[in-house]
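Structure data follow from work01.cif (mmCIF, C-alpha atoms):
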data_start
#
loop_
_atom_site.group_PDB
_atom_site.id
_atom_site.type_symbol
_atom_site.label_atom_id
_atom_site.label_comp_id
_atom_site.auth_asym_id
_atom_site.auth_seq_id
_atom_site.Cartn_x
_atom_site.Cartn_y
_atom_site.Cartn_z
ATOM 1 C CA MET A 311 10.969 22.514 15.513
ATOM 2 C CA THR A 312 7.831 24.536 14.781
ATOM 3 C CA LEU A 313 4.088 24.309 15.268
ATOM 4 C CA GLU A 314 3.352 26.480 12.251
ATOM 5 C CA GLY A 315 3.105 23.421 10.031
ATOM 6 C CA LEU A 316 0.080 22.123 11.972
ATOM 7 C CA ASP A 317 -2.367 23.566 9.462
ATOM 8 C CA ILE A 318 -5.621 21.613 9.241
ATOM 9 C CA ARG A 319 -6.057 22.798 5.655
ATOM 10 C CA ILE A 320 -2.945 20.801 4.767
ATOM 11 C CA LEU A 321 -3.063 17.964 7.304
ATOM 12 C CA GLY A 322 -6.823 17.396 6.860
ATOM 13 C CA PRO A 323 -6.718 16.194 3.225
ATOM 14 C CA ALA A 324 -3.512 14.262 3.974
ATOM 15 C CA CYS A 325 -5.208 12.379 6.840
ATOM 16 C CA VAL A 326 -8.198 11.579 4.637
ATOM 17 C CA ALA A 327 -5.820 10.318 1.934
ATOM 18 C CA GLY A 328 -4.251 8.004 4.506
ATOM 19 C CA LEU A 329 -7.672 6.676 5.553
ATOM 20 C CA ILE A 330 -8.582 5.997 1.914
ATOM 21 C CA VAL A 331 -5.352 4.075 1.365
ATOM 22 C CA LEU A 332 -5.725 2.083 4.590
ATOM 23 C CA SER A 333 -9.371 1.205 3.848
ATOM 24 C CA THR A 334 -8.357 -1.187 1.066
ATOM 25 C CA HIS A 335 -4.742 -1.935 1.980
ATOM 26 C CA VAL A 336 -5.376 -3.387 5.443
ATOM 27 C CA PRO A 337 -7.624 -6.251 4.214
ATOM 28 C CA LEU A 338 -5.470 -6.732 1.102
ATOM 29 C CA GLY A 339 -2.340 -6.889 3.254
ATOM 30 C CA LYS A 340 -3.832 -9.800 5.159
ATOM 31 C CA GLN A 341 -4.336 -11.688 1.885
ATOM 32 C CA VAL A 342 -0.847 -10.843 0.666
ATOM 33 C CA LEU A 343 0.692 -12.324 3.819
ATOM 34 C CA ALA A 344 -1.497 -15.421 3.574
ATOM 35 C CA ARG A 345 -0.440 -15.986 -0.055
ATOM 36 C CA GLY A 346 3.243 -15.469 0.728
ATOM 37 C CA ILE A 347 3.730 -12.892 -2.044
ATOM 38 C CA ILE A 348 5.015 -10.072 0.137
ATOM 39 C CA PHE A 349 6.567 -7.938 -2.573
ATOM 40 C CA ILE A 350 3.651 -7.954 -5.006
ATOM 41 C CA ASP A 351 2.631 -4.491 -3.785
ATOM 42 C CA LEU A 352 6.073 -3.055 -4.516
ATOM 43 C CA ALA A 353 6.027 -4.645 -7.974
ATOM 44 C CA ILE A 354 2.522 -3.456 -8.920
ATOM 45 C CA ALA A 355 3.140 -0.007 -7.422
ATOM 46 C CA GLN A 356 6.369 0.315 -9.377
ATOM 47 C CA ILE A 357 4.616 -0.798 -12.577
ATOM 48 C CA ALA A 358 1.891 1.809 -12.005
ATOM 49 C CA ALA A 359 4.638 4.393 -11.452
ATOM 50 C CA LEU A 360 6.271 3.251 -14.707
ATOM 51 C CA GLY A 361 2.966 3.873 -16.462
ATOM 52 C CA VAL A 362 2.952 7.431 -15.097
ATOM 53 C CA ILE A 363 6.567 8.012 -16.158
ATOM 54 C CA LEU A 364 5.906 6.599 -19.642
ATOM 55 C CA ALA A 365 2.851 8.827 -20.100
ATOM 56 C CA GLN A 366 4.860 11.894 -19.077
ATOM 57 C CA PHE A 367 7.693 10.782 -21.369
ATOM 58 C CA LEU A 368 5.201 10.729 -24.254
ATOM 59 C CA GLY A 369 4.146 14.278 -23.467
ATOM 60 C CA VAL A 370 0.983 13.775 -21.387
ATOM 61 C CA ASP A 371 0.436 16.594 -18.896
ATOM 62 C CA GLU A 372 0.992 15.393 -15.316
ATOM 63 C CA GLN A 373 -2.314 16.957 -14.198
ATOM 64 C CA SER A 374 -4.277 15.203 -16.957
ATOM 65 C CA PHE A 375 -6.718 12.402 -16.223
ATOM 66 C CA LYS A 376 -4.780 10.396 -18.837
ATOM 67 C CA ILE A 377 -2.026 9.973 -16.251
ATOM 68 C CA GLN A 378 -4.457 8.045 -14.013
ATOM 69 C CA VAL A 379 -5.512 5.934 -16.982
ATOM 70 C CA ALA A 380 -1.873 5.194 -17.850
ATOM 71 C CA ALA A 381 -1.164 4.109 -14.264
ATOM 72 C CA ALA A 382 -4.256 1.879 -14.180
ATOM 73 C CA VAL A 383 -3.510 0.268 -17.561
ATOM 74 C CA ALA A 384 0.101 -0.425 -16.574
ATOM 75 C CA ALA A 385 -0.912 -1.866 -13.191
ATOM 76 C CA LEU A 386 -3.617 -4.072 -14.724
ATOM 77 C CA ALA A 387 -1.172 -5.322 -17.365
ATOM 78 C CA GLY A 388 1.305 -6.210 -14.624
ATOM 79 C CA ALA A 389 -1.458 -7.879 -12.622
ATOM 80 C CA GLY A 390 -2.510 -9.921 -15.655
ATOM 81 C CA LEU A 391 1.073 -11.067 -16.195
ATOM 82 C CA LEU A 392 1.457 -12.079 -12.537
ATOM 83 C CA ALA A 393 -1.878 -13.907 -12.567
ATOM 84 C CA TRP A 394 -0.618 -15.895 -15.565
ATOM 85 C CA THR A 395 2.753 -16.698 -13.956
ATOM 86 C CA ASP A 396 0.922 -17.714 -10.762
ATOM 87 C CA ARG A 397 -0.941 -20.367 -12.759
ATOM 88 C CA ARG A 398 2.053 -21.370 -14.871
ATOM 89 C CA TRP A 399 4.900 -21.332 -12.331
ATOM 90 C CA PRO A 400 3.390 -20.899 -8.835
ATOM 91 C CA GLN A 401 6.561 -22.182 -7.149
ATOM 92 C CA TYR A 402 8.542 -19.315 -8.682
ATOM 93 C CA GLN A 403 6.014 -16.545 -8.144
ATOM 94 C CA GLU A 404 7.979 -14.601 -5.534
ATOM 95 C CA PRO A 405 11.250 -14.379 -7.556
ATOM 96 C CA LEU A 406 9.209 -13.490 -10.652
ATOM 97 C CA ILE A 407 7.543 -10.671 -8.709
ATOM 98 C CA GLY A 408 10.976 -9.429 -7.647
ATOM 99 C CA THR A 409 12.236 -9.551 -11.221
ATOM 100 C CA LEU A 410 9.228 -7.591 -12.460
ATOM 101 C CA PHE A 411 9.805 -4.982 -9.758
ATOM 102 C CA VAL A 412 13.445 -4.519 -10.804
ATOM 103 C CA LEU A 413 12.493 -4.247 -14.481
ATOM 104 C CA ALA A 414 9.824 -1.625 -13.752
ATOM 105 C CA ALA A 415 12.154 0.363 -11.476
ATOM 106 C CA THR A 416 15.035 0.396 -13.929
ATOM 107 C CA GLY A 417 12.663 1.092 -16.814
ATOM 108 C CA GLY A 418 11.574 4.242 -15.014
ATOM 109 C CA LEU A 419 15.197 5.264 -14.503
ATOM 110 C CA LEU A 420 15.917 4.820 -18.215
ATOM 111 C CA LEU A 421 12.909 6.935 -19.230
ATOM 112 C CA LEU A 422 13.893 9.697 -16.802
ATOM 113 C CA SER A 423 17.614 9.639 -17.603
ATOM 114 C CA ASN A 424 17.471 12.664 -19.940
ATOM 115 C CA ASN A 425 14.843 14.563 -17.970
ATOM 116 C CA PRO A 426 16.334 17.495 -15.995
ATOM 117 C CA GLN A 427 13.597 17.064 -13.376
ATOM 118 C CA GLY A 428 13.834 13.262 -13.494
ATOM 119 C CA GLY A 429 15.227 12.908 -9.984
ATOM 120 C CA GLU A 430 12.411 14.993 -8.529
ATOM 121 C CA HIS A 431 9.760 13.037 -10.447
ATOM 122 C CA LEU A 432 11.219 9.764 -9.197
ATOM 123 C CA LYS A 433 11.311 11.023 -5.612
ATOM 124 C CA ASP A 434 7.661 12.096 -5.832
ATOM 125 C CA LEU A 435 6.628 8.644 -7.064
ATOM 126 C CA LEU A 436 8.620 6.809 -4.397
ATOM 127 C CA VAL A 437 8.029 8.967 -1.319
ATOM 128 C CA GLY A 438 4.804 10.610 -2.475
ATOM 129 C CA GLN A 439 3.399 14.085 -1.973
ATOM 130 C CA ILE A 440 0.692 13.338 0.560
ATOM 131 C CA LEU A 441 0.812 16.861 2.030
ATOM 132 C CA TRP A 442 -0.155 18.345 -1.320
ATOM 133 C CA VAL A 443 -3.272 16.302 -2.041
ATOM 134 C CA SER A 444 -6.571 18.163 -2.243
ATOM 135 C CA PHE A 445 -10.107 17.082 -1.411
ATOM 136 C CA ALA A 446 -10.924 17.298 -5.129
ATOM 137 C CA GLN A 447 -8.274 14.621 -5.808
ATOM 138 C CA LEU A 448 -9.637 12.441 -3.016
ATOM 139 C CA ILE A 449 -13.229 12.194 -4.286
ATOM 140 C CA PRO A 450 -12.575 9.750 -7.181
ATOM 141 C CA ALA A 451 -10.082 7.822 -5.023
ATOM 142 C CA ALA A 452 -12.667 7.487 -2.232
ATOM 143 C CA LEU A 453 -15.407 6.354 -4.634
ATOM 144 C CA LEU A 454 -13.193 3.699 -6.209
ATOM 145 C CA SER A 455 -12.085 2.492 -2.759
ATOM 146 C CA VAL A 456 -15.727 2.090 -1.681
ATOM 147 C CA VAL A 457 -16.413 0.019 -4.802
ATOM 148 C CA LEU A 458 -13.318 -2.146 -4.196
ATOM 149 C CA LEU A 459 -14.230 -2.688 -0.530
ATOM 150 C CA ALA A 460 -17.776 -3.680 -1.452
ATOM 151 C CA PHE A 461 -16.435 -6.120 -4.034
ATOM 152 C CA MET A 462 -13.982 -7.630 -1.523
ATOM 153 C CA TRP A 463 -16.776 -8.077 1.016
ATOM 154 C CA TRP A 464 -19.011 -9.689 -1.611
ATOM 155 C CA ARG A 465 -16.393 -12.130 -2.910
ATOM 156 C CA ARG A 466 -14.675 -12.770 0.431
ATOM 157 C CA GLU A 467 -12.776 -16.062 0.194
ATOM 158 C CA ARG A 468 -13.456 -16.385 -3.546
ATOM 159 C CA LEU A 469 -11.024 -13.589 -4.395
ATOM 160 C CA VAL A 470 -8.479 -15.666 -6.318
ATOM 161 C CA GLY A 471 -6.457 -15.661 -9.513
ATOM 162 C CA LEU A 472 -6.913 -12.845 -12.007
ATOM 163 C CA LEU A 473 -9.738 -11.405 -9.886
ATOM 164 C CA PHE A 474 -7.399 -10.892 -6.927
ATOM 165 C CA TYR A 475 -4.559 -9.486 -9.017
ATOM 166 C CA GLY A 476 -6.855 -7.128 -10.936
ATOM 167 C CA LEU A 477 -8.512 -5.755 -7.802
ATOM 168 C CA PHE A 478 -5.094 -5.419 -6.179
ATOM 169 C CA ALA A 479 -3.813 -3.462 -9.194
ATOM 170 C CA LEU A 480 -6.727 -1.000 -9.047
ATOM 171 C CA ALA A 481 -6.213 -0.408 -5.322
ATOM 172 C CA ILE A 482 -2.500 0.171 -5.858
ATOM 173 C CA THR A 483 -3.173 2.562 -8.752
ATOM 174 C CA VAL A 484 -5.242 4.769 -6.450
ATOM 175 C CA SER A 485 -2.786 4.723 -3.561
ATOM 176 C CA VAL A 486 0.499 5.164 -5.420
ATOM 177 C CA GLN A 487 -0.779 8.436 -6.879
ATOM 178 C CA LEU A 488 -1.670 9.681 -3.389
ATOM 179 C CA VAL A 489 1.127 8.470 -1.118
ATOM 180 C CA GLY A 490 3.938 6.977 -3.220
ATOM 181 C CA VAL A 491 5.493 3.521 -3.572
ATOM 182 C CA TYR A 492 7.110 3.302 -0.121
ATOM 183 C CA LEU A 493 3.927 4.136 1.786
ATOM 184 C CA VAL A 494 1.948 1.710 -0.368
ATOM 185 C CA PHE A 495 4.217 -1.106 0.813
ATOM 186 C CA ALA A 496 4.198 0.027 4.452
ATOM 187 C CA SER A 497 0.402 0.439 4.513
ATOM 188 C CA LEU A 498 -0.123 -3.077 3.185
ATOM 189 C CA ILE A 499 2.484 -5.030 5.093
ATOM 190 C CA VAL A 500 3.175 -3.332 8.447
ATOM 191 C CA PRO A 501 -0.358 -3.453 9.986
ATOM 192 C CA ALA A 502 -0.947 -6.957 8.578
ATOM 193 C CA LEU A 503 2.387 -8.227 9.902
ATOM 194 C CA ALA A 504 1.868 -6.675 13.346
ATOM 195 C CA THR A 505 -1.451 -8.528 13.721
ATOM 196 C CA ALA A 506 -0.500 -11.731 11.880
ATOM 197 C CA GLY A 507 -1.232 -13.951 14.888
ATOM 198 C CA MET A 508 -4.706 -12.546 15.493
ATOM 199 C CA ARG A 509 -7.959 -13.851 14.061
ATOM 200 C CA GLY A 510 -11.292 -12.486 12.864
ATOM 201 C CA ARG A 511 -12.621 -8.978 13.332
ATOM 202 C CA ALA A 512 -10.191 -8.215 16.171
ATOM 203 C CA ARG A 513 -7.279 -8.533 13.757
ATOM 204 C CA LEU A 514 -8.880 -6.222 11.210
ATOM 205 C CA LEU A 515 -9.760 -3.549 13.784
ATOM 206 C CA THR A 516 -6.300 -3.686 15.381
ATOM 207 C CA ALA A 517 -4.605 -3.400 11.983
ATOM 208 C CA TYR A 518 -6.762 -0.386 11.102
ATOM 209 C CA ALA A 519 -5.932 1.223 14.465
ATOM 210 C CA ILE A 520 -2.183 0.748 13.870
ATOM 211 C CA GLY A 521 -2.519 2.250 10.401
ATOM 212 C CA VAL A 522 -4.527 5.284 11.507
ATOM 213 C CA LEU A 523 -2.230 6.058 14.446
ATOM 214 C CA GLY A 524 0.803 5.631 12.197
ATOM 215 C CA TYR A 525 -0.506 8.069 9.598
ATOM 216 C CA VAL A 526 -1.730 10.701 12.057
ATOM 217 C CA SER A 527 1.414 10.661 14.212
ATOM 218 C CA GLY A 528 3.644 10.639 11.121
ATOM 219 C CA LEU A 529 1.887 13.640 9.596
ATOM 220 C CA VAL A 530 2.014 15.598 12.856
ATOM 221 C CA LEU A 531 5.704 14.814 13.449
ATOM 222 C CA SER A 532 6.644 15.644 9.869
ATOM 223 C CA ALA A 533 4.898 19.013 10.182
ATOM 224 C CA VAL A 534 6.427 19.841 13.567
ATOM 225 C CA LEU A 535 9.950 18.652 12.702
ATOM 226 C CA ASP A 536 9.796 19.827 9.071
ATOM 227 C CA LEU A 537 10.722 16.381 7.724
ATOM 228 C CA PRO A 538 9.470 14.499 4.624
ATOM 229 C CA SER A 539 5.970 13.278 5.445
ATOM 230 C CA GLY A 540 6.021 10.019 3.472
ATOM 231 C CA ALA A 541 9.276 8.796 5.006
ATOM 232 C CA MET A 542 8.157 9.830 8.496
ATOM 233 C CA ILE A 543 4.853 7.961 8.181
ATOM 234 C CA VAL A 544 6.693 4.767 7.211
ATOM 235 C CA TRP A 545 8.677 5.019 10.454
ATOM 236 C CA THR A 546 5.668 5.866 12.632
ATOM 237 C CA LEU A 547 3.731 2.955 11.138
ATOM 238 C CA ALA A 548 6.581 0.652 12.152
ATOM 239 C CA ALA A 549 6.731 2.259 15.609
ATOM 240 C CA CYS A 550 2.981 1.830 16.134
ATOM 241 C CA ALA A 551 3.244 -1.803 15.019
ATOM 242 C CA LEU A 552 5.942 -2.395 17.640
ATOM 243 C CA LEU A 553 3.999 -0.562 20.352
ATOM 244 C CA ALA A 554 0.949 -2.691 19.550
ATOM 245 C CA GLN A 555 2.922 -5.709 20.750
ATOM 246 C CA LEU A 556 2.672 -4.273 24.272
ATOM 247 C CA VAL A 557 -1.094 -4.852 24.174
ATOM 248 C CA PRO A 558 -1.720 -8.224 25.872
ATOM 249 C CA ALA A 559 -4.235 -9.442 23.273
ATOM 250 C CA VAL A 560 -1.789 -8.724 20.446
ATOM 251 C CA ARG A 561 1.235 -10.117 22.286
ATOM 252 C CA ARG A 562 -0.546 -13.368 23.160
ATOM 253 C CA SER A 563 -1.432 -13.865 19.495
ATOM 254 C CA HIS A 564 2.284 -14.261 18.632
ATOM 255 C CA PRO A 565 3.397 -17.398 20.508
ATOM 256 C CA ALA A 566 7.131 -17.821 20.913
ATOM 257 C CA ARG A 567 7.127 -21.389 19.584
ATOM 258 C CA PRO A 568 5.509 -22.662 16.345
ATOM 259 C CA GLU A 569 3.924 -25.605 18.111
ATOM 260 C CA LEU A 570 1.992 -23.209 20.348
ATOM 261 C CA ALA A 571 0.640 -21.461 17.243
ATOM 262 C CA ARG A 572 -0.533 -24.817 15.878
ATOM 263 C CA GLU A 573 -2.186 -25.656 19.194
ATOM 264 C CA ASP A 574 -3.987 -22.287 19.258
ATOM 265 C CA THR A 575 -5.191 -22.804 15.706
ATOM 266 C CA ALA A 576 -6.451 -26.295 16.551
ATOM 267 C CA VAL A 577 -8.340 -25.023 19.600
ATOM 268 C CA GLU A 578 -9.825 -22.178 17.544
ATOM 269 C CA THR A 579 -10.964 -24.659 14.891
ATOM 270 C CA ILE A 580 -12.625 -26.879 17.494
ATOM 271 C CA LEU A 581 -14.375 -23.904 19.078
#
Encoding of this model in structure tokens:
Amino acid sequence: MTLEGLDIRILGPACVAGLIVLSTHVPLGKQVLARGIIFIDLAIAQIAALGVILAQFLGVDEQSFKIQVAAAVAALAGAGLLAWTDRRWPQYQEPLIGTLFVLAATGGLLLLSNNPQGGEHLKDLLVGQILWVSFAQLIPAALLSVVLLAFMWWRRERLVGLLFYGLFALAITVSVQLVGVYLVFASLIVPALATAGMRGRARLLTAYAIGVLGYVSGLVLSAVLDLPSGAMIVWTLAACALLAQLVPAVRRSHPARPELAREDTAVETIL
């Protein structure tokens, strides 16, 4: 255990990266839960990662802007396919998402099979390298996130179909390059799931608070304990989500019986 890793020059950009990811993923996570397509983020993130792997396989330098373009194109193509299957076979959307995830994951393994650094590349895409991001990398990510947030606020409940999938793909493209596939999933689902019984602005603010505390505590613990930051943040996000259940307002929003949830919803509708 050491305190030498608590360097603001390293942890500062990493914290900002987490805030950028959470800014779009918390409201999107709420929509993902409502639509019942929990694993769409894993699928789109893995497709974006496949785009990165394919670009590197074709000889594109990993620091080139073309890598970002490849990730975005791949994610948008996957989003377009899922938007089409959602219209064509909505009852099978979840298993189709799972199938697409497996195809993208194994496709990446095949492309990296003859690469001597393939295992390291795959680890970076899955767990991420959040401690190594720079403020220069965060500027375009922050700008795109602001645009996506403004668009979500403008469309609100009209964010459906291809529009939803396309916006989701762009948000994932930004985040998977910063924090990796695992943290993308955790950032979307864990805060949204922890506050699933809440309503309105209180739910959004509580979910953001869980996300911020999860990222900050995970980064600090990973630095002090010298453990992988991405994996640690996933665990601290889950821990913060569990601790949030000790807050009376959050705990009361998760009634023990389904009929109580229906009664609460009916009362809320009347009010």
| said: Excluding A:Lys340 and its own-chain neighbours fewer than 6 positions away, which residues fall within 9 Å of it when counting all atoms listed in the file? Please give them as a ChimeraX atom specification. | reply: /A:498-499,501-503,505-506,514
| note | From the list A:Val331, A:Ala551, A:Ala559, A:Ile320, the nearest residue to A:Leu453 using all atoms listed in the file is A:Val331
| Among listed residues A:Leu392, A:Leu410, A:Ala353, A:Val522, nearest A:Leu473 (using all atoms listed in the file) | A:Leu392
| request: Name the residues that the PyMOL selection byres ((chain A and resi 338) around 10) picks from the file above, as a PyMOL selection string, using the file's chain letters and numbers. | output: chain A and resi 332-337+339-344+351+459+462+474+477-478+481+497-499+502
| task | Please measure the separation of atom CA of A:Gly524 and atom CA of A:Arg561, giving the value in Å to one decimal. | result | 18.7 Å
Which residues fall under the PyMOL selection byres ((chain A and resi 381) around 9) in this file, as a PDB file with C-alpha atoms, keeping the file's coordinate frame?
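The result, written out as result02.pdb:
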ATOM      1  CA  ILE A 357       4.616  -0.798 -12.577  1.00  0.00           C
ATOM      2  CA  ALA A 358       1.891   1.809 -12.005  1.00  0.00           C
ATOM      3  CA  ALA A 359       4.638   4.393 -11.452  1.00  0.00           C
ATOM      4  CA  LEU A 360       6.271   3.251 -14.707  1.00  0.00           C
ATOM      5  CA  GLY A 361       2.966   3.873 -16.462  1.00  0.00           C
ATOM      6  CA  VAL A 362       2.952   7.431 -15.097  1.00  0.00           C
ATOM      7  CA  ILE A 363       6.567   8.012 -16.158  1.00  0.00           C
ATOM      8  CA  ALA A 365       2.851   8.827 -20.100  1.00  0.00           C
ATOM      9  CA  LYS A 376      -4.780  10.396 -18.837  1.00  0.00           C
ATOM     10  CA  ILE A 377      -2.026   9.973 -16.251  1.00  0.00           C
ATOM     11  CA  GLN A 378      -4.457   8.045 -14.013  1.00  0.00           C
ATOM     12  CA  VAL A 379      -5.512   5.934 -16.982  1.00  0.00           C
ATOM     13  CA  ALA A 380      -1.873   5.194 -17.850  1.00  0.00           C
ATOM     14  CA  ALA A 382      -4.256   1.879 -14.180  1.00  0.00           C
ATOM     15  CA  VAL A 383      -3.510   0.268 -17.561  1.00  0.00           C
ATOM     16  CA  ALA A 384       0.101  -0.425 -16.574  1.00  0.00           C
ATOM     17  CA  ALA A 385      -0.912  -1.866 -13.191  1.00  0.00           C
ATOM     18  CA  LEU A 386      -3.617  -4.072 -14.724  1.00  0.00           C
ATOM     19  CA  THR A 483      -3.173   2.562  -8.752  1.00  0.00           C
ATOM     20  CA  VAL A 484      -5.242   4.769  -6.450  1.00  0.00           C
ATOM     21  CA  GLN A 487      -0.779   8.436  -6.879  1.00  0.00           C
TER      22      GLN A 487
END
| Restricting the calculation to only C-alpha atoms, which member of A:Ile318, A:Ala324, A:Ala393, A:Ile330 is positioned closest to A:Ser444? |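 Closest to A:Ser444, using only C-alpha atoms: A:Ala324.
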| task | Measuring atom to atom with all atoms listed in the file, identify which of A:Arg345, A:Gly521, A:Leu529, A:Ala452 is nearest to A:Asp317. | result |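 Comparing A:Arg345, A:Gly521, A:Leu529, A:Ala452 against A:Asp317, the winner is A:Leu529.
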| query | Hey, which of A:Ile440, A:Leu391, A:Ile347, A:Ala512 ends up closest to A:Gln403? Count all atoms listed in the file. | reply | A:Ile347
Box in all listed atoms of stretch 322-329 of chain A, axis-aligned, with 6 Å more on each side; write out centre and edge lengths in Å to one decimal as AutoDock Vina command-line options.
--center_x -5.9 --center_y 12.0 --center_z 4.4 --size_x 16.7 --size_y 22.7 --size_z 16.9
| For A:Gln427, which residue out of A:Gln439, A:Gln366, A:Ser374, A:Pro538 is the nearest one, using only C-alpha atoms? |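 Going through A:Gln439, A:Gln366, A:Ser374, A:Pro538 one by one, the smallest distance to A:Gln427 is for A:Gln366.
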Written record: stretch 436-447 of chain A, N, CA and C atoms, as a PDB file, in the first residue's frame:
ATOM      1  N   LEU A 436     -10.903  -3.911 -23.041  1.00  0.00           N
ATOM      2  CA  LEU A 436     -11.897  -4.397 -22.084  1.00  0.00           C
ATOM      3  C   LEU A 436     -11.853  -3.625 -20.770  1.00  0.00           C
ATOM      4  N   VAL A 437     -10.669  -3.498 -20.197  1.00  0.00           N
ATOM      5  CA  VAL A 437     -10.524  -2.868 -18.881  1.00  0.00           C
ATOM      6  C   VAL A 437     -10.269  -1.369 -18.998  1.00  0.00           C
ATOM      7  N   GLY A 438      -9.702  -0.949 -20.138  1.00  0.00           N
ATOM      8  CA  GLY A 438      -9.440   0.466 -20.346  1.00  0.00           C
ATOM      9  C   GLY A 438      -8.117   0.916 -19.753  1.00  0.00           C
ATOM     10  N   GLN A 439      -7.744   2.127 -20.096  1.00  0.00           N
ATOM     11  CA  GLN A 439      -6.508   2.737 -19.602  1.00  0.00           C
ATOM     12  C   GLN A 439      -6.829   4.143 -19.100  1.00  0.00           C
ATOM     13  N   ILE A 440      -7.781   4.213 -18.180  1.00  0.00           N
ATOM     14  CA  ILE A 440      -8.281   5.506 -17.734  1.00  0.00           C
ATOM     15  C   ILE A 440      -7.191   6.346 -17.073  1.00  0.00           C
ATOM     16  N   LEU A 441      -6.206   5.708 -16.434  1.00  0.00           N
ATOM     17  CA  LEU A 441      -5.150   6.462 -15.768  1.00  0.00           C
ATOM     18  C   LEU A 441      -4.201   7.143 -16.752  1.00  0.00           C
ATOM     19  N   TRP A 442      -4.257   6.744 -18.001  1.00  0.00           N
ATOM     20  CA  TRP A 442      -3.321   7.283 -18.984  1.00  0.00           C
ATOM     21  C   TRP A 442      -3.955   8.295 -19.923  1.00  0.00           C
ATOM     22  N   VAL A 443      -5.206   8.672 -19.682  1.00  0.00           N
ATOM     23  CA  VAL A 443      -5.826   9.669 -20.545  1.00  0.00           C
ATOM     24  C   VAL A 443      -5.242  11.042 -20.229  1.00  0.00           C
ATOM     25  N   SER A 444      -5.233  11.903 -21.239  1.00  0.00           N
ATOM     26  CA  SER A 444      -4.725  13.263 -21.062  1.00  0.00           C
ATOM     27  C   SER A 444      -5.861  14.256 -21.303  1.00  0.00           C
ATOM     28  N   PHE A 445      -5.663  15.485 -20.837  1.00  0.00           N
ATOM     29  CA  PHE A 445      -6.686  16.506 -21.047  1.00  0.00           C
ATOM     30  C   PHE A 445      -6.894  16.784 -22.535  1.00  0.00           C
ATOM     31  N   ALA A 446      -5.838  16.628 -23.326  1.00  0.00           N
ATOM     32  CA  ALA A 446      -5.973  16.820 -24.779  1.00  0.00           C
ATOM     33  C   ALA A 446      -6.939  15.810 -25.376  1.00  0.00           C
ATOM     34  N   GLN A 447      -6.910  14.552 -24.884  1.00  0.00           N
ATOM     35  CA  GLN A 447      -7.835  13.526 -25.354  1.00  0.00           C
ATOM     36  C   GLN A 447      -9.269  13.819 -24.921  1.00  0.00           C
TER      37      GLN A 447
END
